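Asks: So that we are looking at the same thing, I have put the structure below in structure tokens.
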Amino acid sequence: MSKILNSTVSQSTIVMMVIEIIICLFLPIALAVWIIKRRSYPEKGSTPVFFIGMAIFVLFAGILEDPFRGIARQFQHTPWLYALYGALLAGVFEEVGRWFGFKWIQRRIPQKAKTPETPFLYGLGHGGIEMMLGGGLAMFSNVLFAMTINSGALAKLMTKTPTSARAGIVTAVKQLTGMSGWTVSLSLLERLLALTIQIALSLVVWLIVVNRKQWFWMLMPVGLHAFIDFPAALSQTGALSVTVTELLLVVQTVIVVAFVYWLWRREKPSSTVSA
């Protein structure tokens, strides 16, 4: 225990965490503002599209999906099944939610329904809130705890903590002190790639909605989402290392973005302007 109490978080790790916080909290907003001011025609109605993306993510991925996550515990001893269930669960809820989001935009903000910046703004809202919560705010709590560890106040904190909760603190300390600037940079890379994927998937669902495709076309974004999430879910079981997972994510992102670009060139509505 004394070794844990005397451990510290490196300054390079804290610096990288602060950088991640700044990027995760402000990048989606900055990109949305740029699109609204420079690329939105008409500009009116663009801001609500961004916030609809945020609201749909919170509702479908944060609230409606939550009761079904506990079922994954039944597959804990079968890593591939656990990962497959988690990946498909996220794919179904997020992509169905995205479909409802674009349908809502069609009805409530019809002037933005077919403008090509709409899926980008929606994707920045959908992926941006995920980035802010999962990257920015989560990392902010890590920075605060890292400062507590480095200030030498950990021993005092442990004395005030019930015995039953001390194991959790010890685990958190080991995780933080075991991190490096490199591992935090991998986390930031993951957040940036996830935002890219969310924009790409938003473009796919937008094409399905504006082109009035039949329901089975939604299997495409659900499958793409599951394809992306499967290695990450598998890594949660310890079957894949963090480094391998991040490398796979880079390759997957390139594949998905290339496919979505091809789909955009093939399926874009005739009324849109080519990017």
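Residue numbering restarts at 1 in every chain; chains get A, B, ... in the order shown in the structure tokens, and ligands count up from 1 in that same order.
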With 12 Å as the cut-off and only C-alpha atoms counted, what is the closest atom pair between each nearby residue of stretch 145-263 of chain A and stretch 51-66 of chain A? Distances in Å to one decimal, ordered by chain and number, as a Markdown table.

Replies:
| residue | atom | partner | partner_atom | distance |
| --- | --- | --- | --- | --- |
| A:Gln198 | CA | A:Gly53 | CA | 10.2 |
| A:Ile199 | CA | A:Gly53 | CA | 10.4 |
| A:Ser202 | CA | A:Gly53 | CA | 9.3 |

Asks: Can you list, as number ranges by chain, every protein, DNA or RNA residue that comes within 12 Å of A:Arg39 when you count only C-alpha atoms, leaving out same-chain residues fewer than 2 positions away?

Replies: A: 31-37, 41-44, 46, 115-118, 120-121, 273, 275

Asks: Filtering to C-alpha atoms, could you give me those residues as an mmCIF file, in the first residue's frame?

Replies:
data_model
loop_
_atom_site.group_PDB
_atom_site.id
_atom_site.type_symbol
_atom_site.label_atom_id
_atom_site.label_comp_id
_atom_site.auth_asym_id
_atom_site.auth_seq_id
_atom_site.Cartn_x
_atom_site.Cartn_y
_atom_site.Cartn_z
ATOM 1 C CA LEU A 31 -15.950 22.875 -36.601
ATOM 2 C CA ALA A 32 -19.715 23.355 -36.311
ATOM 3 C CA VAL A 33 -19.346 27.140 -36.104
ATOM 4 C CA TRP A 34 -17.054 27.107 -39.146
ATOM 5 C CA ILE A 35 -19.531 25.063 -41.203
ATOM 6 C CA ILE A 36 -22.480 27.219 -40.136
ATOM 7 C CA LYS A 37 -20.688 30.475 -40.967
ATOM 8 C CA TYR A 41 -26.919 27.799 -47.286
ATOM 9 C CA PRO A 42 -29.317 28.848 -45.899
ATOM 10 C CA GLU A 43 -27.691 29.461 -42.523
ATOM 11 C CA LYS A 44 -31.042 29.559 -40.710
ATOM 12 C CA SER A 46 -28.175 24.995 -39.134
ATOM 13 C CA THR A 115 -28.448 20.629 -47.874
ATOM 14 C CA PRO A 116 -25.103 18.764 -47.971
ATOM 15 C CA GLU A 117 -23.745 20.357 -44.783
ATOM 16 C CA THR A 118 -26.618 18.899 -42.736
ATOM 17 C CA PHE A 120 -21.792 16.990 -41.244
ATOM 18 C CA LEU A 121 -23.415 19.274 -38.674
ATOM 19 C CA VAL A 273 -23.717 20.720 -54.548
ATOM 20 C CA ALA A 275 -18.107 18.912 -52.302
#

Asks: From the options A:Arg69, A:Gly136, A:Lys268, A:Met131, which residue's atoms come nearest to A:Ile208, counting only C-alpha atoms?

Replies: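 Checking each of A:Arg69, A:Gly136, A:Lys268, A:Met131 against A:Ile208, counting only C-alpha atoms, the winner is A:Lys268.
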
Asks: Among stretch 97-264 of chain A, which ones does DSSP place in alpha helix (DSSP H), written as number ranges by chain?

Replies: A: 97-108, 118-131, 138-150, 154-160, 163-177, 181-210, 219-235, 242-264

Asks: Using only C-alpha atoms for the distances, tell me which of A:Gln106, A:Thr148, A:Gln111, A:Ser187 is nearest to A:Val210.

Replies: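 Smallest distance to A:Val210 is found for A:Gln106.
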
Asks: Would you please work out which residue, of A:Ala258, A:Thr8, A:Arg107, A:Ile21, is nearest to A:Ala138 when using only C-alpha atoms?

Replies: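 Closest candidate: A:Ile21.
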
Asks: Measuring between only C-alpha atoms, which one of A:Met220, A:Leu247, A:Val242, A:Leu133 shows the shortest distance to A:Leu263?

Replies: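 Looking at the shortest contact to A:Leu263, the residue is A:Met220.
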
Asks: Between A:Leu84, A:Ile255, A:Ile105, A:Thr13, which is the closest to A:Asn142 once you count only C-alpha atoms?

Replies: A:Thr13

Asks: Give me, please, the distance in Å between atom CA of A:Val260 and atom CA of A:His225, quoted to one decimal.

Replies: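 Distance between the two atoms: 12.4 Å.
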
Asks: I'd like the neighbourhood of A:Gly91 as a ChimeraX atom specification, where a residue qualifies if any of its atoms comes within 6 Å (using only C-alpha atoms), though same-chain residues fewer than 4 positions away should be ignored.

Replies: /A:95,222,225-226

Asks: Select, from A:Gln236, A:Ala113, A:Val244, A:Gly123, the residue with the minimum atom-to-atom distance to A:Pro269, counting only C-alpha atoms.

Replies: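 Comparing A:Gln236, A:Ala113, A:Val244, A:Gly123 against A:Pro269, the winner is A:Ala113.
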
Asks: Find the residues near A:Pro119: any atom within 9 Å, counting only C-alpha atoms, skip ones fewer than 4 places away on the same chain, and give them as a list in words.

Replies: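 Surrounding residues, per the criterion: Val49, Phe102, Thr115, Gly123, Leu124, Ile199, Ala200, Leu201, Ser202, Leu203, Val204, Val205, Trp206 and Leu207 of chain A.
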